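Visitor: Quick one: the structure is below, questions incoming.
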Amino acid sequence: MQIKDPQYHEAVARLFDEAAHVRALGIALKDLGPGWCETHLDVTPHHLQQHGLVHAGVLATLADHTAGAAGSTLLDAGTYVLTVEFKINLLRPARGPRLWCRAQVLKAGRRLTVVESEVFSADDAATRLAAKATVTLAVLPREG
């Protein structure tokens with residue numbers, strides 16, 4: 001995967017600092033490289049639904065934002081990505097104190113980028129794949 005902006009690390013870090021919803025959920029950047037990104041989340045009671053499992057909306061946000069960050073690693077400096085479509089498969093209930101997500105660009109195009117995200121739930125005993133998403137991102141020019 002070809003790097004177009006040598007400052008992509010800083011640009012992606014800003015995506016986490018400037019996204020109020022992502023910050024409020026506690027999603028944090030773990031690591032990244034050209035065409036991929038990893039994030040993590042320490043699960044707290046406000047992430048849970050009525051049965052004590054991590055809410056599907058939390059999993060979807062984690063998968064979507066991590067995909068956007070992965071796609072952003074391959075952008076020109078004057079562009080950004082915006083999700084235009086995503087599909088998520090919730091494979092098993094997410095439980096345990098930690099979630100982490102890895103997103104990998106499948107195809108980076110001039111106008112559309114397709115990324116796959118995997119969300120894992122982890123506790124001391126095991127790490128399990130909880131969700132898998134395919135995210136399509138539009139590549140847009142920054143205004144101003």
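Chain labels follow the order of the structure tokens: the first chain is A, the next B, and so on; residue numbering restarts at 1 in every chain, and ligands are counted from 1 in their shown order.
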Fewer than 6 positions away in the same chain doesn't count, so skip those; otherwise give me all residues within 7 Å of range 34-47 of chain A, counting only C-alpha atoms, as a list in words.
Guide: Met1, Ile3, Gly26, Ile27, Ala28, Val54, His55, Val58, Thr66, Ala69, Ala70, Gly71, Thr73, Leu74, Pro97, Arg98, Leu99, Trp100, Cys101, Arg102, Ala103, Gln104 and Val105 of chain A
Visitor: Which residues come within 9 Å of His9 in chain A, counting only C-alpha atoms, excluding same-chain residues fewer than 5 positions away, as a PyMOL selection string?
Guide: chain A and resi 14+32-33+73
Visitor: Which distance in Å separates CA of Lys107 in chain A and CA of Ala19 in chain A, to one decimal?
Guide: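 Calculated distance between CA of Lys107 in chain A and CA of Ala19 in chain A is 24.6 Å.
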Visitor: A:Glu143, A:Asp17, A:Glu10, A:Asp124: which is nearest Tyr80 in chain A, counting only C-alpha atoms?
Guide: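 Among the listed residues, the smallest separation from Tyr80 in chain A belongs to A:Glu143.
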Visitor: Between CA of Val135 in chain A and CA of Ala63 in chain A, what distance in Å does the model show, to one decimal?
Guide: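 One can read the CA of Val135 in chain A to CA of Ala63 in chain A distance as 8.4 Å.
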Visitor: Of the candidates A:Val22, A:Leu140, A:Ala125, A:Ala11, which shows the shortest atom-to-atom distance to Leu82 in chain A, using only C-alpha atoms?
Guide: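 Smallest distance to Leu82 in chain A is found for A:Leu140.
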Visitor: Which distance in Å separates CA of Phe86 in chain A and CA of Pro6 in chain A, to one decimal?
Guide: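 These atoms are spaced 28.1 Å apart.
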Visitor: Using the chain letters and numbers from this document, which residues of chain A does DSSP assign to strand (DSSP E or B), as a compact mmCIF listing (two decimals) with C-alpha atoms, in the first residue's frame?
Guide:
```txt
# COMPACT_ATOMS: atom_id res chain seq x y z
CA ALA A 28 -8.44 4.79 21.59
CA LEU A 29 -5.87 4.40 18.86
CA LYS A 30 -3.55 1.48 19.57
CA ASP A 31 -1.38 1.22 16.43
CA LEU A 32 -1.46 1.88 12.70
CA GLY A 33 0.45 1.53 9.49
CA TRP A 36 -4.39 -0.74 8.62
CA CYS A 37 -5.35 0.47 12.07
CA GLU A 38 -5.89 -1.07 15.51
CA THR A 39 -7.99 0.42 18.31
CA HIS A 40 -9.08 -0.66 21.76
CA LEU A 41 -11.81 0.04 24.28
CA ASP A 42 -12.00 -0.73 27.98
CA LEU A 48 -23.67 -2.42 27.99
CA VAL A 54 -21.70 -4.83 24.92
CA THR A 79 -8.65 14.66 1.46
CA TYR A 80 -10.69 12.80 4.07
CA VAL A 81 -12.99 9.78 4.14
CA LEU A 82 -16.66 9.54 5.00
CA THR A 83 -18.55 6.28 5.46
CA VAL A 84 -21.14 5.77 2.72
CA GLU A 85 -22.11 2.19 3.55
CA PHE A 86 -21.29 -0.55 5.99
CA LYS A 87 -22.47 -4.02 6.85
CA ILE A 88 -21.74 -5.62 10.17
CA ASN A 89 -22.12 -9.23 11.21
CA LEU A 90 -22.51 -9.63 14.96
CA ARG A 98 -11.73 -5.22 26.71
CA LEU A 99 -12.57 -4.86 23.02
CA TRP A 100 -10.06 -4.35 20.28
CA CYS A 101 -10.48 -3.86 16.58
CA ARG A 102 -8.23 -4.30 13.57
CA ALA A 103 -9.21 -2.78 10.23
CA GLN A 104 -7.46 -3.53 6.95
CA VAL A 105 -7.94 -1.75 3.63
CA LEU A 106 -9.07 -4.22 0.97
CA LYS A 107 -9.07 -1.72 -1.92
CA ALA A 108 -8.00 1.91 -1.88
CA LEU A 112 -14.04 4.83 -2.87
CA THR A 113 -12.07 2.74 -0.38
CA VAL A 114 -13.25 -0.60 1.00
CA VAL A 115 -12.10 -1.73 4.43
CA GLU A 116 -12.71 -4.81 6.56
CA SER A 117 -12.89 -4.50 10.35
CA GLU A 118 -12.79 -7.27 12.92
CA VAL A 119 -13.87 -6.61 16.51
CA PHE A 120 -12.64 -8.93 19.25
CA SER A 121 -13.74 -9.24 22.87
CA ALA A 122 -11.06 -10.27 25.31
CA THR A 127 -10.02 -13.57 22.80
CA ARG A 128 -13.05 -14.10 20.56
CA LEU A 129 -14.12 -12.60 17.25
CA ALA A 130 -17.35 -10.76 18.09
CA ALA A 131 -18.09 -8.85 14.88
CA LYS A 132 -16.92 -8.37 11.34
CA ALA A 133 -17.75 -5.35 9.19
CA THR A 134 -17.21 -4.30 5.61
CA VAL A 135 -17.05 -0.52 5.32
CA THR A 136 -17.14 1.56 2.12
CA LEU A 137 -15.61 5.02 2.43
CA ALA A 138 -15.96 7.94 0.04
CA VAL A 139 -12.74 9.90 -0.52
CA LEU A 140 -13.60 13.61 -0.43
CA PRO A 141 -11.61 16.83 -0.81
```
Visitor: In range 18-69 of chain A, what's alpha helix (DSSP H) per DSSP? Answer as number ranges by chain?
Guide: A: 18, 20-25, 56-69
